[in-house]
Amino acid sequence: MILYLGRRLLGVAGILLAICAITFTIFYLLPNDPAGAACGKTCSPERLAEVRTAMGLDQPVWRQFTDYLVGIFAGREYGSGTGTLHCAFPCLGYSYEYSMPVWTLLADRLPVSVSLALGAAVLWLLLGLSAGVVSALRKGSLTDRSLMVVSVATASLPVYFTSIMLIWGVVRTAGLLPYPAYTEFTDDPAGWASNLLLPWLALALLYAAMYARQSRNSMIETMAEPYIRTARAKGLPARTVTVKHGLRSGMTPILTIFGIDLGGLLAGAVITESIFGLPGVGRLFYDALVRSDQPVILGVTLLAAFFIVVANLLVDLLYAYVDPRVRY
């Protein structure tokens with residue numbers, strides 16, 4: 001396991017390095033000048049030259065990429081003399097739009113996106129797995145058909161439509177919940193949960209529908225295996241057969257898609273955060289696109305890649321626990 005983990009960590013490092021190189025090339029070799037976007041439309045040629053020097057854009061491309069990589073692990077300085085700007089480890093660039101390092105911006109927004117992603121993940125797993133298992137155990141029944149129809153209908157609704165309808169029905173019409181406004185968990189746990197409940201539901205309804213269909217198919221296939229018939233023949237309780245032998249073995253494909261979905265959401269849900277006005281990484285990414293703030297766009301892209309790669313690594317390690325056959 002240690003050797004396997006070592007190989008996977010080396011692979012993760014290689015993937016992140018490749019992603020960093022590709023995204024750096026895309027964002028810094030495009031015709032759009034990052035210095036011009038940072039300096040503004042009324043920027044004089046002299047000021048534009050100063051900004052280009054401060055951002056390191058007057059250096060060769062290989063030097064820019066090397067400085068960027070070194071900054072991630074050791075920090076770096078932007079500019080020189082009295083106008084020097086320090087970007088501490090881990091330096092993912094410096095945003096001249098916000099006048100602060102990109103990592104500082106991301107660290108301020110991460111708690112919101114993590115709260116949104118983890119809460120929605122718990123809901124969609126509970127709803128999706130429950131619906132999928134019930135449908136699989138009652139295959140062909142009215143319950144099975146009804147749940148699958150609801151799943152297909154829910155999966156067909158865009159998340160922005162679901163979000164708007166939840167706001168209209170729950171907040172404006174019924175007045176059951178306040179309009180979402182992020183509250184720190186440590187300040188008010190109840191307010192934190194109530195303000196995030198609607199965004200959780202908006203994401204959970206979409207993902208739960210996909211998980212319900214996937215878990216149903218996996219459970220139907222697993223429950224037809226010979227070892228399931230053997231477990232039933234030995235007189236094991238139905239709950240033990242379903243949960244311990246059936247659901248546990250059928251979780252492998254669920255874990256695969258869960259790692260990708262959760263990793264992507266941890267780096268921000270752009271549409272959901274924008275509609276509900278949550279100051280998360282997704283909203284930061286949207287604002288950076290509008291302002292052409294390329295250092296922030298690059299930083300969010302690398303953060304998303306990091307979360308997805310690490311989540312897939314953790315999922316691979318969980319395979320051995322969920323399905324002992326993987327260990328061999």
# chains A, B, ... in the order shown; residues from 1 in each chain; ligands from 1

call {"tool": "residues_around", "arguments": {"residues": "A:Pro253", "least_positions_apart": "2", "cutoff": "9 Å", "atoms": "only C-alpha atoms", "output": "ChimeraX atom specification"}}
result
/A:214-215,218,250-251,255-258

call {"tool": "residues_around", "arguments": {"residues": "A:Leu266", "least_positions_apart": "6", "cutoff": "9 Å", "atoms": "only C-alpha atoms", "output": "list in words"}}
result
Leu110, Ser113, Val114, Ser115, Leu116, Ala117, Leu118, Val281, Leu303, Ala304, Phe307 and Ile308 of chain A

call {"tool": "closest_residue", "arguments": {"among": "A:Ala174, A:Val61, A:Ile22, A:Ala120", "to": "A:Ala193", "atoms": "only C-alpha atoms"}}
result
A:Ala120

call {"tool": "residues_around", "arguments": {"residues": "stretch 181-186 of chain A", "least_positions_apart": "2", "cutoff": "9 Å", "atoms": "only C-alpha atoms", "output": "list in words"}}
result
Pro111, Val112, Ser115, Pro178, Tyr179, Asp188, Pro189, Ala190, Gly191, Trp192, Ala193, Asn195, Leu196, Phe276, Gly277, Leu278 and Pro279 of chain A

call {"tool": "write_last_selection", "arguments": {"atoms": "N, CA and C atoms", "output": "CSV table (one decimal), in the first residue's frame"}}
result
chain,number,residue,atom,x,y,z
A,111,PRO,N,-13.9,28.7,2.7
A,111,PRO,CA,-14.9,28.2,3.6
A,111,PRO,C,-16.3,28.2,3.1
A,112,VAL,N,-16.7,29.2,2.3
A,112,VAL,CA,-18.0,29.2,1.7
A,112,VAL,C,-18.2,28.1,0.7
A,115,SER,N,-18.2,24.7,2.6
A,115,SER,CA,-19.5,24.5,3.3
A,115,SER,C,-20.6,24.1,2.3
A,178,PRO,N,-34.9,32.8,5.3
A,178,PRO,CA,-34.4,34.1,4.8
A,178,PRO,C,-33.6,33.9,3.5
A,179,TYR,N,-33.5,35.0,2.8
A,179,TYR,CA,-32.6,34.9,1.6
A,179,TYR,C,-31.2,34.5,2.0
A,188,ASP,N,-22.6,31.3,14.2
A,188,ASP,CA,-24.0,30.9,14.4
A,188,ASP,C,-24.2,29.7,13.6
A,189,PRO,N,-24.1,28.5,14.2
A,189,PRO,CA,-24.3,27.2,13.5
A,189,PRO,C,-25.7,27.1,12.9
A,190,ALA,N,-26.7,27.5,13.6
A,190,ALA,CA,-28.1,27.4,13.1
A,190,ALA,C,-28.2,28.3,11.9
A,191,GLY,N,-27.7,29.6,12.0
A,191,GLY,CA,-27.8,30.5,10.9
A,191,GLY,C,-27.0,30.0,9.7
A,192,TRP,N,-25.9,29.4,10.0
A,192,TRP,CA,-25.0,28.9,8.9
A,192,TRP,C,-25.8,27.8,8.1
A,193,ALA,N,-26.5,26.9,8.8
A,193,ALA,CA,-27.2,25.8,8.1
A,193,ALA,C,-28.5,26.4,7.4
A,195,ASN,N,-29.1,29.3,6.2
A,195,ASN,CA,-28.7,30.2,5.0
A,195,ASN,C,-28.2,29.3,3.8
A,196,LEU,N,-27.7,28.1,4.1
A,196,LEU,CA,-27.1,27.3,3.1
A,196,LEU,C,-28.1,26.2,2.6
A,276,PHE,N,-27.4,32.7,-5.6
A,276,PHE,CA,-27.7,32.9,-4.2
A,276,PHE,C,-26.8,33.9,-3.5
A,277,GLY,N,-25.9,34.5,-4.3
A,277,GLY,CA,-25.1,35.6,-3.8
A,277,GLY,C,-24.1,35.2,-2.7
A,278,LEU,N,-23.6,34.0,-2.8
A,278,LEU,CA,-22.7,33.5,-1.8
A,278,LEU,C,-21.2,33.9,-2.2
A,279,PRO,N,-20.5,34.4,-1.3
A,279,PRO,CA,-19.1,34.9,-1.7
A,279,PRO,C,-18.1,33.7,-1.7

call {"tool": "closest_atom_pairs", "arguments": {"of": "stretch 218-312 of chain A", "to": "stretch 100-108 of chain A", "cutoff": "7 Å", "atoms": "only C-alpha atoms", "output": "CSV"}}
result
residue,atom,partner,partner_atom,distance
A:Val281,CA,A:Leu106,CA,6.4
A:Pro295,CA,A:Val102,CA,6.9
A:Val296,CA,A:Val102,CA,5.8
A:Gly299,CA,A:Val102,CA,6.6

call {"tool": "residues_around", "arguments": {"residues": "A:Met210", "least_positions_apart": "2", "cutoff": "12 Å", "atoms": "only C-alpha atoms", "output": "PDB file with N, CA, C and O atoms, in the first residue's frame"}}
result
ATOM      1  N   TRP A 124     -27.144  14.819  -1.261  1.00  0.00           N
ATOM      2  CA  TRP A 124     -27.361  14.050  -2.488  1.00  0.00           C
ATOM      3  C   TRP A 124     -26.992  12.584  -2.306  1.00  0.00           C
ATOM      4  O   TRP A 124     -27.574  11.711  -2.954  1.00  0.00           O
ATOM      5  N   LEU A 125     -26.052  12.276  -1.425  1.00  0.00           N
ATOM      6  CA  LEU A 125     -25.746  10.872  -1.156  1.00  0.00           C
ATOM      7  C   LEU A 125     -26.910  10.194  -0.441  1.00  0.00           C
ATOM      8  O   LEU A 125     -27.303   9.068  -0.787  1.00  0.00           O
ATOM      9  N   LEU A 127     -30.132  11.125  -0.381  1.00  0.00           N
ATOM     10  CA  LEU A 127     -31.304  11.037  -1.262  1.00  0.00           C
ATOM     11  C   LEU A 127     -31.062  10.068  -2.417  1.00  0.00           C
ATOM     12  O   LEU A 127     -31.904   9.215  -2.715  1.00  0.00           O
ATOM     13  N   GLY A 128     -29.927  10.187  -3.061  1.00  0.00           N
ATOM     14  CA  GLY A 128     -29.652   9.372  -4.241  1.00  0.00           C
ATOM     15  C   GLY A 128     -29.490   7.906  -3.918  1.00  0.00           C
ATOM     16  O   GLY A 128     -30.088   7.045  -4.583  1.00  0.00           O
ATOM     17  N   LEU A 129     -28.702   7.578  -2.904  1.00  0.00           N
ATOM     18  CA  LEU A 129     -28.496   6.169  -2.551  1.00  0.00           C
ATOM     19  C   LEU A 129     -29.775   5.541  -2.024  1.00  0.00           C
ATOM     20  O   LEU A 129     -30.080   4.384  -2.333  1.00  0.00           O
ATOM     21  N   ALA A 131     -32.911   6.360  -2.760  1.00  0.00           N
ATOM     22  CA  ALA A 131     -33.815   6.123  -3.890  1.00  0.00           C
ATOM     23  C   ALA A 131     -33.321   4.980  -4.767  1.00  0.00           C
ATOM     24  O   ALA A 131     -34.106   4.145  -5.227  1.00  0.00           O
ATOM     25  N   GLY A 132     -32.014   4.910  -4.996  1.00  0.00           N
ATOM     26  CA  GLY A 132     -31.472   3.848  -5.844  1.00  0.00           C
ATOM     27  C   GLY A 132     -31.619   2.471  -5.236  1.00  0.00           C
ATOM     28  O   GLY A 132     -31.972   1.508  -5.930  1.00  0.00           O
ATOM     29  N   LEU A 147     -39.893   6.446  -8.861  1.00  0.00           N
ATOM     30  CA  LEU A 147     -38.630   7.054  -8.451  1.00  0.00           C
ATOM     31  C   LEU A 147     -37.736   7.363  -9.646  1.00  0.00           C
ATOM     32  O   LEU A 147     -37.070   8.410  -9.686  1.00  0.00           O
ATOM     33  N   MET A 148     -37.711   6.479 -10.631  1.00  0.00           N
ATOM     34  CA  MET A 148     -36.872   6.721 -11.792  1.00  0.00           C
ATOM     35  C   MET A 148     -37.428   7.849 -12.661  1.00  0.00           C
ATOM     36  O   MET A 148     -36.667   8.625 -13.241  1.00  0.00           O
ATOM     37  N   VAL A 149     -38.743   7.966 -12.743  1.00  0.00           N
ATOM     38  CA  VAL A 149     -39.334   9.084 -13.481  1.00  0.00           C
ATOM     39  C   VAL A 149     -38.984  10.407 -12.811  1.00  0.00           C
ATOM     40  O   VAL A 149     -38.603  11.386 -13.474  1.00  0.00           O
ATOM     41  N   VAL A 150     -39.101  10.433 -11.482  1.00  0.00           N
ATOM     42  CA  VAL A 150     -38.746  11.650 -10.740  1.00  0.00           C
ATOM     43  C   VAL A 150     -37.261  11.965 -10.914  1.00  0.00           C
ATOM     44  O   VAL A 150     -36.863  13.125 -11.075  1.00  0.00           O
ATOM     45  N   SER A 151     -36.421  10.933 -10.919  1.00  0.00           N
ATOM     46  CA  SER A 151     -34.982  11.140 -11.083  1.00  0.00           C
ATOM     47  C   SER A 151     -34.662  11.730 -12.449  1.00  0.00           C
ATOM     48  O   SER A 151     -33.870  12.673 -12.565  1.00  0.00           O
ATOM     49  N   VAL A 152     -35.273  11.180 -13.492  1.00  0.00           N
ATOM     50  CA  VAL A 152     -35.031  11.703 -14.843  1.00  0.00           C
ATOM     51  C   VAL A 152     -35.522  13.140 -14.962  1.00  0.00           C
ATOM     52  O   VAL A 152     -34.840  14.006 -15.540  1.00  0.00           O
ATOM     53  N   ALA A 153     -36.684  13.430 -14.386  1.00  0.00           N
ATOM     54  CA  ALA A 153     -37.228  14.785 -14.456  1.00  0.00           C
ATOM     55  C   ALA A 153     -36.349  15.774 -13.701  1.00  0.00           C
ATOM     56  O   ALA A 153     -36.073  16.883 -14.178  1.00  0.00           O
ATOM     57  N   THR A 154     -35.878  15.369 -12.524  1.00  0.00           N
ATOM     58  CA  THR A 154     -35.027  16.256 -11.721  1.00  0.00           C
ATOM     59  C   THR A 154     -33.682  16.493 -12.389  1.00  0.00           C
ATOM     60  O   THR A 154     -33.154  17.610 -12.385  1.00  0.00           O
ATOM     61  N   ALA A 155     -33.101  15.437 -12.957  1.00  0.00           N
ATOM     62  CA  ALA A 155     -31.802  15.583 -13.633  1.00  0.00           C
ATOM     63  C   ALA A 155     -31.906  16.460 -14.870  1.00  0.00           C
ATOM     64  O   ALA A 155     -30.900  17.028 -15.318  1.00  0.00           O
ATOM     65  N   SER A 156     -33.109  16.576 -15.443  1.00  0.00           N
ATOM     66  CA  SER A 156     -33.291  17.388 -16.655  1.00  0.00           C
ATOM     67  C   SER A 156     -33.414  18.876 -16.351  1.00  0.00           C
ATOM     68  O   SER A 156     -33.323  19.703 -17.268  1.00  0.00           O
ATOM     69  N   LEU A 157     -33.628  19.231 -15.086  1.00  0.00           N
ATOM     70  CA  LEU A 157     -33.796  20.638 -14.727  1.00  0.00           C
ATOM     71  C   LEU A 157     -32.437  21.281 -14.497  1.00  0.00           C
ATOM     72  O   LEU A 157     -31.646  20.791 -13.683  1.00  0.00           O
ATOM     73  N   LEU A 203     -28.334  21.998  -5.422  1.00  0.00           N
ATOM     74  CA  LEU A 203     -27.299  21.098  -5.940  1.00  0.00           C
ATOM     75  C   LEU A 203     -27.665  19.643  -5.691  1.00  0.00           C
ATOM     76  O   LEU A 203     -27.446  18.780  -6.551  1.00  0.00           O
ATOM     77  N   ALA A 204     -28.223  19.356  -4.509  1.00  0.00           N
ATOM     78  CA  ALA A 204     -28.517  17.967  -4.150  1.00  0.00           C
ATOM     79  C   ALA A 204     -29.572  17.361  -5.066  1.00  0.00           C
ATOM     80  O   ALA A 204     -29.485  16.181  -5.423  1.00  0.00           O
ATOM     81  N   LEU A 205     -30.583  18.138  -5.466  1.00  0.00           N
ATOM     82  CA  LEU A 205     -31.623  17.598  -6.334  1.00  0.00           C
ATOM     83  C   LEU A 205     -31.065  17.173  -7.679  1.00  0.00           C
ATOM     84  O   LEU A 205     -31.478  16.160  -8.252  1.00  0.00           O
ATOM     85  N   LEU A 206     -30.121  17.952  -8.194  1.00  0.00           N
ATOM     86  CA  LEU A 206     -29.515  17.615  -9.478  1.00  0.00           C
ATOM     87  C   LEU A 206     -28.654  16.361  -9.364  1.00  0.00           C
ATOM     88  O   LEU A 206     -28.802  15.415 -10.144  1.00  0.00           O
ATOM     89  N   TYR A 207     -27.744  16.336  -8.391  1.00  0.00           N
ATOM     90  CA  TYR A 207     -26.821  15.221  -8.270  1.00  0.00           C
ATOM     91  C   TYR A 207     -27.508  13.960  -7.753  1.00  0.00           C
ATOM     92  O   TYR A 207     -27.149  12.847  -8.153  1.00  0.00           O
ATOM     93  N   ALA A 208     -28.489  14.107  -6.868  1.00  0.00           N
ATOM     94  CA  ALA A 208     -29.169  12.933  -6.323  1.00  0.00           C
ATOM     95  C   ALA A 208     -29.855  12.134  -7.413  1.00  0.00           C
ATOM     96  O   ALA A 208     -29.906  10.890  -7.348  1.00  0.00           O
ATOM     97  N   ALA A 212     -29.064   8.292  -7.974  1.00  0.00           N
ATOM     98  CA  ALA A 212     -30.141   7.314  -7.824  1.00  0.00           C
ATOM     99  C   ALA A 212     -30.126   6.302  -8.967  1.00  0.00           C
ATOM    100  O   ALA A 212     -30.234   5.087  -8.755  1.00  0.00           O
ATOM    101  N   ARG A 213     -29.974   6.784 -10.182  1.00  0.00           N
ATOM    102  CA  ARG A 213     -29.945   5.869 -11.333  1.00  0.00           C
ATOM    103  C   ARG A 213     -28.696   4.987 -11.319  1.00  0.00           C
ATOM    104  O   ARG A 213     -28.757   3.791 -11.609  1.00  0.00           O
ATOM    105  N   GLN A 214     -27.535   5.600 -10.960  1.00  0.00           N
ATOM    106  CA  GLN A 214     -26.298   4.831 -10.931  1.00  0.00           C
ATOM    107  C   GLN A 214     -26.325   3.770  -9.837  1.00  0.00           C
ATOM    108  O   GLN A 214     -25.933   2.618 -10.057  1.00  0.00           O
ATOM    109  N   SER A 215     -26.800   4.137  -8.645  1.00  0.00           N
ATOM    110  CA  SER A 215     -26.843   3.177  -7.548  1.00  0.00           C
ATOM    111  C   SER A 215     -27.877   2.085  -7.804  1.00  0.00           C
ATOM    112  O   SER A 215     -27.675   0.931  -7.415  1.00  0.00           O
ATOM    113  N   ARG A 216     -28.975   2.416  -8.479  1.00  0.00           N
ATOM    114  CA  ARG A 216     -29.965   1.393  -8.826  1.00  0.00           C
ATOM    115  C   ARG A 216     -29.358   0.344  -9.743  1.00  0.00           C
ATOM    116  O   ARG A 216     -29.497  -0.871  -9.513  1.00  0.00           O
ATOM    117  N   ASN A 217     -28.671   0.799 -10.782  1.00  0.00           N
ATOM    118  CA  ASN A 217     -28.065  -0.154 -11.713  1.00  0.00           C
ATOM    119  C   ASN A 217     -26.996  -1.006 -11.036  1.00  0.00           C
ATOM    120  O   ASN A 217     -26.903  -2.214 -11.272  1.00  0.00           O
ATOM    121  N   ILE A 254     -20.026   4.320  -7.579  1.00  0.00           N
ATOM    122  CA  ILE A 254     -20.526   5.537  -6.941  1.00  0.00           C
ATOM    123  C   ILE A 254     -19.368   6.377  -6.425  1.00  0.00           C
ATOM    124  O   ILE A 254     -19.350   7.606  -6.556  1.00  0.00           O
ATOM    125  N   ILE A 257     -17.583   8.500  -9.338  1.00  0.00           N
ATOM    126  CA  ILE A 257     -18.220   9.751  -9.746  1.00  0.00           C
ATOM    127  C   ILE A 257     -18.307  10.731  -8.576  1.00  0.00           C
ATOM    128  O   ILE A 257     -18.278  11.945  -8.780  1.00  0.00           O
ATOM    129  N   PHE A 258     -18.375  10.209  -7.342  1.00  0.00           N
ATOM    130  CA  PHE A 258     -18.442  11.094  -6.185  1.00  0.00           C
ATOM    131  C   PHE A 258     -17.151  11.890  -6.040  1.00  0.00           C
ATOM    132  O   PHE A 258     -17.180  13.084  -5.717  1.00  0.00           O
ATOM    133  N   ASP A 261     -17.231  14.679  -8.693  1.00  0.00           N
ATOM    134  CA  ASP A 261     -18.245  15.700  -8.407  1.00  0.00           C
ATOM    135  C   ASP A 261     -17.858  16.556  -7.203  1.00  0.00           C
ATOM    136  O   ASP A 261     -17.944  17.795  -7.257  1.00  0.00           O
TER     137      ASP A 261
END

call {"tool": "atom_distance", "arguments": {"atom1": "atom CA of A:Ala269", "atom2": "atom CA of A:Ile167"}}
result
17.1 Å

call {"tool": "decode", "arguments": {"residues": "stretch 52-68 of chain A", "atoms": "C-alpha atoms", "output": "PDB file, in the first residue's frame"}}
result
ATOM      1  CA  ARG A  52       4.375  44.573 -17.128  1.00  0.00           C
ATOM      2  CA  THR A  53       7.712  44.683 -15.324  1.00  0.00           C
ATOM      3  CA  ALA A  54       6.073  44.204 -11.935  1.00  0.00           C
ATOM      4  CA  MET A  55       4.132  41.178 -13.212  1.00  0.00           C
ATOM      5  CA  GLY A  56       7.244  39.738 -14.818  1.00  0.00           C
ATOM      6  CA  LEU A  57       5.716  39.827 -18.286  1.00  0.00           C
ATOM      7  CA  ASP A  58       8.856  41.399 -19.754  1.00  0.00           C
ATOM      8  CA  GLN A  59      10.730  38.142 -19.080  1.00  0.00           C
ATOM      9  CA  PRO A  60      10.925  35.156 -21.458  1.00  0.00           C
ATOM     10  CA  VAL A  61       8.038  32.699 -21.176  1.00  0.00           C
ATOM     11  CA  TRP A  62      10.203  29.963 -19.645  1.00  0.00           C
ATOM     12  CA  ARG A  63      11.387  32.404 -16.969  1.00  0.00           C
ATOM     13  CA  GLN A  64       7.832  33.478 -16.209  1.00  0.00           C
ATOM     14  CA  PHE A  65       6.751  29.855 -15.777  1.00  0.00           C
ATOM     15  CA  THR A  66       9.778  29.031 -13.610  1.00  0.00           C
ATOM     16  CA  ASP A  67       9.135  32.041 -11.373  1.00  0.00           C
ATOM     17  CA  TYR A  68       5.490  31.037 -11.080  1.00  0.00           C
TER      18      TYR A  68
END
